[in-house]
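Inspection log for the structure reproduced underneath, given as structure tokens.
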Amino acid sequence: MDKEILKKLSAEKTNLQNLLKFVNNLNKYQKDPINHLDKIKQEVNKIEQTLNQSNLDASVKERVKELVQPIKDKIVGWEGDAKKSFGWNLEQELNKEGFELRGHYPLLKVSFYTLEVNLENFQVKLWYGPQQEKLGTCKLVPSDIVKKLKTIHDRITKRDFNDNEFLSKLYESYKISLYRKNKKIGEPIPISDILFEYAFLIQNKKFRTDPVKTNYKEYGRIFLSYDLYRLKARKFENKELNLITATRAYTQRKSDFLWIPYNEKGEGSYISHLKFKEVKL
């Protein structure tokens, strides 16, 4: 028998099997459309794509389209319902953990974080600050979002912290950066240089002996941002810390500036440099 005919028959068999699976999935998901809106959209797209590439009888194709069309017509309404129920359910879940929900779609605010809601893809992007540092993505399921956000928040905020120890190492990082750039006390140093030196200074003996990934103590931009926010002291010995607001020239590249919150409502400012200057005791 002609191999080409066998190939076409096999392809058509696959199309039929896939159509049956997609239609069955669609029937299952529309029983709870709000929580399966993304899957409903995916199945509709799969059915349409399969019909387009199939050689099924035109009357069969038309019948399948007639079955799918009422569901497609309901998607806009379901999206509206999903938007309403998602916001309300998210707020309830956040309140349980002591968080307050603010803002409007597509950008919702929670403490230091921004939730970028995409109803089309049924997905939420989690950001630190006003979309400054991406923390990850999550399905549009309130309980899952809050669980992930709480884990991230605890990892950032529940680290051991001491004002004097932090200032001491920050000042040491500043002095090292001054030496590398042949500058003097009181001159500004880019925040990216400070972060680099600080991250190395806090490593323990194990890392210094064997500097591999498993021995490295994580310390990135978000940690520095939050530590500068919660720092209450500004003076170390006879030196005072000064954070320098980023000008327009230093906000073109992410590496040139750092967002620091003012408060837990997500308000903040951008800094590009810092310096320690001598003060009279």
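We label chains A, B, ... in the order they appear in the structure tokens, count residues from 1 in each chain, and number ligands from 1 in the order shown.
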
>> From a backbone DSSP assignment, name each residue in region 70-262 of chain A labelled strand (DSSP E), as a count of residues only.
In response: 42

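Once region 219-231 of chain A and its same-chain neighbours fewer than 4 positions away are set aside, Ile156, Asp163, Ala199, Leu258, Trp259, Ile260, Pro261 and Tyr262 of chain A remain within 7 Å of it when counting only C-alpha atoms.
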
Contact residues around region 20-35 of chain A with only C-alpha atoms at 10 Å, ignoring same-chain residues under 5 positions, as a compact mmCIF listing (two decimals) with C-alpha atoms, in the first residue's frame:
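After the write, selection.txt holds the following:
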# COMPACT_ATOMS: atom_id res chain seq x y z
CA THR A 14 -4.18 11.37 15.45
CA ASN A 15 -6.30 14.44 14.66
CA ILE A 40 -10.49 26.48 28.53
CA LYS A 41 -8.72 28.97 26.27
CA GLN A 42 -5.95 26.48 25.57
CA GLU A 43 -8.39 23.71 24.64
CA VAL A 44 -10.38 26.02 22.34
CA ASN A 45 -7.17 27.01 20.55
CA LYS A 46 -6.12 23.37 20.23
CA ILE A 47 -9.49 22.41 18.75
CA THR A 50 -6.60 20.72 14.81
CA VAL A 64 -17.48 20.66 16.19
CA LEU A 67 -20.18 22.89 19.90
CA VAL A 68 -17.22 25.15 20.67
CA ILE A 71 -18.14 28.29 25.03
CA LYS A 74 -18.90 32.90 27.33
CA ILE A 75 -15.16 33.50 27.76
CA GLY A 77 -18.07 37.01 30.72
CA TRP A 78 -16.01 34.43 32.56
CA GLU A 79 -13.00 36.76 32.37
CA GLY A 80 -15.04 39.48 34.04
CA ASP A 81 -16.19 37.09 36.75
CA ALA A 82 -12.63 35.81 37.21
CA LYS A 83 -11.37 39.37 37.63
CA SER A 85 -13.60 36.89 42.22
CA PHE A 86 -9.80 36.88 41.95
CA PHE A 122 -3.96 33.37 33.76
CA LEU A 140 -3.85 33.13 38.99
CA VAL A 141 -4.76 31.21 42.14

> What is the CA of Thr214 (chain A) to CA of Gln132 (chain A) distance in Å?
Replying inline: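 Interatomic distance here is 27.0 Å.
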
> Contacts of Val110 (chain A) at 8 Å or less, counting only C-alpha atoms, minus same-chain residues fewer than 4 places along, as number ranges by chain?
Replying inline: A: 99-102, 114-115, 265-266

Written file, previous selection with all heavy atoms, as an mmCIF file, in the first residue's frame:
data_model
loop_
_atom_site.group_PDB
_atom_site.id
_atom_site.type_symbol
_atom_site.label_atom_id
_atom_site.label_comp_id
_atom_site.auth_asym_id
_atom_site.auth_seq_id
_atom_site.Cartn_x
_atom_site.Cartn_y
_atom_site.Cartn_z
ATOM 1 N N PHE A 99 -1.288 41.070 55.254
ATOM 2 C CA PHE A 99 -0.959 41.954 54.139
ATOM 3 C C PHE A 99 -2.181 42.762 53.718
ATOM 4 O O PHE A 99 -3.321 42.316 53.869
ATOM 5 C CB PHE A 99 -0.479 41.151 52.926
ATOM 6 C CG PHE A 99 0.876 40.517 53.094
ATOM 7 C CD1 PHE A 99 1.017 39.137 53.094
ATOM 8 C CD2 PHE A 99 2.005 41.302 53.219
ATOM 9 C CE1 PHE A 99 2.258 38.545 53.234
ATOM 10 C CE2 PHE A 99 3.258 40.723 53.360
ATOM 11 C CZ PHE A 99 3.383 39.340 53.365
ATOM 12 N N GLU A 100 -1.919 43.934 53.151
ATOM 13 C CA GLU A 100 -2.991 44.791 52.630
ATOM 14 C C GLU A 100 -2.867 44.895 51.117
ATOM 15 O O GLU A 100 -1.775 45.144 50.593
ATOM 16 C CB GLU A 100 -2.896 46.190 53.245
ATOM 17 C CG GLU A 100 -3.944 47.164 52.732
ATOM 18 C CD GLU A 100 -3.716 48.576 53.221
ATOM 19 O OE1 GLU A 100 -2.793 48.788 54.027
ATOM 20 O OE2 GLU A 100 -4.447 49.483 52.767
ATOM 21 N N LEU A 101 -3.978 44.717 50.416
ATOM 22 C CA LEU A 101 -3.985 44.803 48.959
ATOM 23 C C LEU A 101 -4.370 46.216 48.533
ATOM 24 O O LEU A 101 -5.339 46.777 49.014
ATOM 25 C CB LEU A 101 -4.980 43.790 48.377
ATOM 26 C CG LEU A 101 -5.081 43.732 46.843
ATOM 27 C CD1 LEU A 101 -3.772 43.244 46.237
ATOM 28 C CD2 LEU A 101 -6.236 42.824 46.416
ATOM 29 N N ARG A 102 -3.610 46.766 47.585
ATOM 30 C CA ARG A 102 -3.876 48.116 47.071
ATOM 31 C C ARG A 102 -3.735 48.117 45.553
ATOM 32 O O ARG A 102 -3.236 47.168 44.963
ATOM 33 C CB ARG A 102 -2.886 49.128 47.675
ATOM 34 C CG ARG A 102 -2.812 49.126 49.183
ATOM 35 C CD ARG A 102 -1.834 50.198 49.681
ATOM 36 N NE ARG A 102 -0.547 50.152 49.015
ATOM 37 C CZ ARG A 102 0.417 49.301 49.327
ATOM 38 N NH1 ARG A 102 0.244 48.421 50.307
ATOM 39 N NH2 ARG A 102 1.566 49.321 48.686
ATOM 40 N N THR A 114 4.860 44.270 43.913
ATOM 41 C CA THR A 114 3.900 44.546 42.857
ATOM 42 C C THR A 114 3.475 43.218 42.246
ATOM 43 O O THR A 114 4.308 42.366 41.945
ATOM 44 C CB THR A 114 4.519 45.433 41.756
ATOM 45 O OG1 THR A 114 4.914 46.678 42.326
ATOM 46 C CG2 THR A 114 3.515 45.695 40.648
ATOM 47 N N LEU A 115 2.164 43.058 42.074
ATOM 48 C CA LEU A 115 1.627 41.879 41.409
ATOM 49 C C LEU A 115 1.133 42.316 40.031
ATOM 50 O O LEU A 115 0.195 43.106 39.927
ATOM 51 C CB LEU A 115 0.471 41.271 42.202
ATOM 52 C CG LEU A 115 0.709 40.985 43.695
ATOM 53 C CD1 LEU A 115 -0.517 40.309 44.300
ATOM 54 C CD2 LEU A 115 1.940 40.110 43.887
ATOM 55 N N LYS A 265 4.216 50.596 52.309
ATOM 56 C CA LYS A 265 3.193 50.817 51.295
ATOM 57 C C LYS A 265 3.789 50.778 49.892
ATOM 58 O O LYS A 265 3.091 51.012 48.909
ATOM 59 C CB LYS A 265 2.494 52.169 51.523
ATOM 60 C CG LYS A 265 1.623 52.199 52.770
ATOM 61 C CD LYS A 265 0.895 53.527 52.882
ATOM 62 C CE LYS A 265 -0.026 53.534 54.101
ATOM 63 N NZ LYS A 265 -0.753 54.819 54.227
ATOM 64 N N GLY A 266 5.078 50.520 49.825
ATOM 65 C CA GLY A 266 5.718 50.399 48.515
ATOM 66 C C GLY A 266 6.210 51.706 47.934
ATOM 67 O O GLY A 266 6.613 51.754 46.770
#

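Each of A:Arg234, A:Lys275, A:Arg248, A:Lys148 was compared to Lys175 (chain A) using only C-alpha atoms, and A:Lys275 turns out to be the nearest.
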